[in-house]
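Peer 1: Here you go, one structure.
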Amino acid sequence: MNITKRLTRSDLRTRLVATCLTALGGVSVAHGTAPTTAPKPAGSPWPEGPRNTLIRPAVEAYVDALLGKMTLEEKIGQMIQADIESVRPDDLKEYKLGSILAGGNAAPGGNVRAPARDWLALTTAFARAAEAGGTAAHAPIPLLFGVDAVHGHARIPGATIFPHNVGLGAAHDPELITRIGRVTAAEVASTGIDWTFAPTVAVVRDVRWGRSYESYSEDPALVASYAAAMVTGLQGAIGTPDFMAAGHTVSSVKHFMGDGGTLRGRDQFDNRAPVAEFARVHAAGCPPAIAAGVLTVMASYNSSHGTKMHASRELLTGVLKERFGFNGFVVGDWNAQEEIPGCTKFDCPAAIRAGLDMFMAPDSWKDLYRNTLRHARSGAIPETRINDAVRRILRVKALAGLFERKPADRAAAEAAAVLGSAAHRSVAREAVRKSLVLLKNEGGLLPLKPAQHVLVAGAAADDIGQAAGGWTIDWQGSHNTNADFPGATSIYAGLRQAIDAGGGTTELSRTGSYTAKPSVAIVVFGETPYAEFQGDRETLEYSPADKSDLALIRKLRGKGIPVVALFLSGRPLWVNREINAANAFVAAWLPGSEGGGVADVLIRRTDNAVNFDFSGTLAFSWPATTAPASFVANDLVHGAQFERGYGLNYARPAAVKTLPETPSAIAPDRSRPSLLFGGGRVTAPWSIFVQDSVAEVRLTTPSQASPTGAAEIALDATALRAHWSNAAVLRIAGRPVDLRKEAADGEALTIRLRVQDPPAGQVMAGIRCSKPFGAEVPSADLPNEAWLNCKAAAPPVYDVTAELAKAKRGSIVTLTLPLHCFAERGADLSAVEAPFAIATRAALRIVITEVRLERPAQPASCPTPP
C-alpha cells in the first residue's frame, strides 16, 4: 500500500504554504488538521517551533494499525541500532532491530577501503534479512541503514568529498549547501544506505574543540540558515513530490544540543551557558531544520549544567519534542548512554524515559535489547513511552518510503556511475572556490600569472588525505594516501594543470628544494587529520612543537622568492608568524577531493584575466592570541585578529599590518606535550579512561565509575581521586604520539600521588601503544589488556606495589618510570596511545596530583618488572 504518496494537489499546496509560513515565522499547517501552536510559557527563552510538520493522516493510520499488531519484543527491537562490526543479517531472524549503522571504522569485511559494490551488497543483505522478518500478524518492518556522510559520502573510495563545514560556512551560500546535500544524498543512496547523520548544527564558541570543523560558524544565524538548506538537500523539499523521493536520504540534525559550547572546548564535556544563551545560540539550528522536515535528531554527548543530554527529559522531551514540535525520532550517539550516572552501555532505562527513541548501541545491542525489554516488562519504562518511541520510528520509515521500497537490487555499475560523477565533482570544486578566504595579499601578489616557474612546496601540497581531513575513509582520516581517492585532484595537481595550460612550469617539493629557482612559491601546510576528542587542544598556536613550516616559508623568502602560504586547518589558528613571513596568506580550510578549486582562484586565466575572485569571508573569528576569541553581551567578540566577516579579494585589496609574534594567554605547560595531568584536569588532547572486565568509559563528568563499579574516579580542583575495589585500569590516552626522542633524551613518566588506602594486591604502571591500523586487538584478562600492542616480548609495565605499600597514608609518592626502560623491554615507542596507565586487581585508593613526561632531576633506574 502506497501510504506516503496519498497526497492530492490541494495537500501539496497546503504543505507548501505551511512551509513558507513557517519560514516567515508563522505556524505550520498539517495535512487534514487545523493549524496548531504550542502554548507559550511565560518568559520562555526557547523559540516556538512548527506543529505537525511530519503528520500525514494516511501515515498515522498505517502506523497506528501496525503498532497495534506488534509484540513488545518487536517494539524494543525497533528502538535498537547495531553496528555492522557486531551484527550480521542472520541476527535479524531473532532480533527485529530498527536500524543498522556503519560506524567510523566499520566497513564491509572490515575493509575501510571497500568499493561501492561491497557496500551495496552489504546493505542489500541486511535489507533482505529485514524483509524476511514478517509475521502472521503484520508485514515486515524495514531497516534504516545509517552512515556518517558529513562532507560527502567520504567513507567510499571514489566518492565526491566536499570541504568540511568550517569551509562551507565561509562561503555564506545556503543555495550551495542545498546542492551539496542533494549530491551527498544521491551518492549515499546509490550504495543502498537510507540515512545520513548530517547536518551538524553546533554553534562553536571555542575552536579548541576537536569537532570544530564540523560546524558551519560561530554565528547562530548562519548555522540556522544552513541547517534548513542541508536538510532540504538531503531529504528533498517538504511539501513537494521531491520529499524523500528516490535519490534522497533521511537526515539527522546533530547534536541536540550545546556540543559547540563545552568547557574549554573539550569534547563531550559540560556546557554551562545560561538558558537564554543556550536557546539563542546553541539551539539555533534546530527549529529551522524541523520546519524543513528533518526526520531524525541525534542527541549530544555533552551535558548541560551537569546533566547529560541523553538523560535530560527537560530538553529532549520538554524542549525538542514539545516546545519545538519535533515529530520525528531522537537517536542516541555511539554508546552515549554509558556516560549517564547509574547506566552502562548495556543498560539504561533513564535515557528512554528522558525522551531518547533509539539507542545507538554499536557493540552493546544484544544486552541493551534484553535489559530494555526487561525494564519494559517491569514497568520501569512506561508502555506509553515505548509506544511513543516506536510510533515515531515507524512514522519516519513510512515517510521515507521504506515500506514501499524493495531491498536494494541496484547494479554496482549504477553506484559507480553516481559516485564521483563529473557533475558532482563540479559542485565540490565550486564549494572549494567559494570557501577560500584571503587574509593577506601583500603587493597584489595574487592572482599568479600562469606563464612562470612555480614551486609548490610543503607536506600537504600533494596529499588529498590531508586536504580532506577527518571522517574520510575512516573515523580519524589519518591513514590515507592519494590512491584512496580515485578521480580526485590534489592541490598540487590542480595548480599544475592550470599553470601548464598557461604555458608555465611547476616543481613539487615537500622541503622547498628546487632545480631551477622559481618566480614564486606556494607553500601548502597545516593540520593533519583528526576527529572528535582526539582533535581537542589546549592552545590555538599552530604546531607549537614543530616550526618546520614556518622555517620553510622564511627560507624561501630569504632567497628572494615571494611566498603564497596556503593553510589547511579545521579551525582558525594562531599563525601570526606564518602570516608575517608570507607575502600572501590563504585560509583553505579542509577542501576535500577537488583541489582544482584552489587553482581556479589563485591562478589567472591563460589571457591573464582573473579567473575567479575570492568571495569567502570568515565564519569564525580568527584568534589574536593562542587563546580562543571570547563572546560577551550581544555576541560581541573579544580577542579577534580578524573579525568574522573579514576576507580580502582582488577587487578590494587592503594592507595587513605586521602581527604580534609572541604567543600569549596559554600556560606553557598546557601548550607542550609534557604535562599529561595537573591542576585537576587532563591536558588536551588527552582523555582519562577507566576500564574493567566489561568495557571502557571516558571521563567527561566530574566523576565516573567503570561499568561494573570495579573502579571509581573523580576530579576536584587539584587532583584525580581513584578508588579500586576489583580489577580495573585507569589510563590517560589519545592520539598516538612518538616518544622515541623523549626516551633518547632521558625523559621519564613521572606520577605524583598520595596513598589513601594501601594496595591489597599487585599494582602495575606503564604505557599502552597503538595497535596497527585495521588490526584486531586480542582479548586478554585485565589488567594485562592495558599494555597491549607495543610489539614487545614483555608488557611495557612495571610493578609499583612495593612503593605504594610502604607509603604512609596521605603521604606523597613519586613514581618515576624512565621511557628508555620500556624501549629496552622491546616496546615500540613510535606510536604510544596511552603514555600513562595504572591497574590493579584488588582494593586501592590513591589521589593523583600530577602526571607528566620529564627528565628526572636525578637519574632513575628501571623499576621491577611484574
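In the C-alpha cells, chains take letters A, B, ... by order of appearance, with residues numbered from 1 within each chain and ligands from 1 in the order shown.
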Please extract the residues of segment 384-582 of chain A with a backbone DSSP assignment of strand (DSSP E) and present them as a ChimeraX atom specification.

Peer 2: /A:437-441,453-457,505-509,520-526,563-568

Peer 1: Mind listing the alpha helix (DSSP H) residues of segment 160-342 of chain A, per DSSP on the backbone, as a PyMOL selection string?

Peer 2: chain A and resi 165-171+174-189+220-235+275-277+286-291+313

Peer 1: Neighbouring residues of segment 493-495 of chain A were defined as those with any atom within 6 Å, considering only C-alpha atoms; residues of the same chain fewer than 6 positions away were excluded. Please report them as a list in words.

Peer 2: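 These residues fall inside the cut-off: Gly595, Gly596 and Ala599 of chain A.
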
Peer 1: Mind writing the picked residues with C-alpha atoms as a PDB file, in the first residue's frame?

Peer 2:
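Ended up saving to out-v2.pdb:
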```pdb
ATOM      1  CA  GLY A 595      41.926  20.613  -5.253  1.00  0.00           C
ATOM      2  CA  GLY A 596      41.423  22.230  -8.633  1.00  0.00           C
ATOM      3  CA  ALA A 599      43.904  26.876  -8.637  1.00  0.00           C
TER       4      ALA A 599
END
```

Peer 1: What is the atom CA of His723 of chain A-atom CA of Ile846 of chain A distance in Å, reported with one decimal?

Peer 2: 6.6 Å

Peer 1: Quote the spacing between atom CA of Pro140 of chain A and atom CA of Met298 of chain A in Å to one decimal place.

Peer 2: 25.5 Å

Peer 1: Show which residues sit within 7 Å of Val737 of chain A, as a JSON list (two decimals) with all heavy atoms, in the first residue's frame. Count only C-alpha atoms, and ignore same-chain residues fewer than 3 positions away.

Peer 2:
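Saved as selection09.json:
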```
[["chain", "number", "residue", "atom", "x", "y", "z"],
["A", 830, "SER", "N", 57.13, 4.44, 18.94],
["A", 830, "SER", "CA", 56.81, 5.35, 17.84],
["A", 830, "SER", "C", 55.34, 5.72, 17.78],
["A", 830, "SER", "O", 54.97, 6.68, 17.12],
["A", 830, "SER", "CB", 57.23, 4.72, 16.51],
["A", 830, "SER", "OG", 56.45, 3.56, 16.24],
["A", 831, "ALA", "N", 54.48, 4.94, 18.46],
["A", 831, "ALA", "CA", 53.05, 5.23, 18.43],
["A", 831, "ALA", "C", 52.43, 4.86, 19.77],
["A", 831, "ALA", "O", 51.80, 3.82, 19.92],
["A", 831, "ALA", "CB", 52.37, 4.47, 17.30],
["A", 832, "VAL", "N", 52.63, 5.73, 20.75],
["A", 832, "VAL", "CA", 52.13, 5.48, 22.10],
["A", 832, "VAL", "C", 50.76, 6.12, 22.23],
["A", 832, "VAL", "O", 50.61, 7.34, 22.14],
["A", 832, "VAL", "CB", 53.10, 6.03, 23.17],
["A", 832, "VAL", "CG1", 52.51, 5.84, 24.56],
["A", 832, "VAL", "CG2", 54.45, 5.34, 23.05],
["A", 833, "GLU", "N", 49.77, 5.29, 22.45],
["A", 833, "GLU", "CA", 48.39, 5.74, 22.55],
["A", 833, "GLU", "C", 48.04, 6.20, 23.96],
["A", 833, "GLU", "O", 47.27, 7.15, 24.15],
["A", 833, "GLU", "CB", 47.48, 4.59, 22.15],
["A", 833, "GLU", "CG", 46.00, 4.86, 22.21],
["A", 833, "GLU", "CD", 45.21, 3.60, 21.86],
["A", 833, "GLU", "OE1", 44.98, 3.37, 20.67],
["A", 833, "GLU", "OE2", 44.85, 2.84, 22.78]]
```
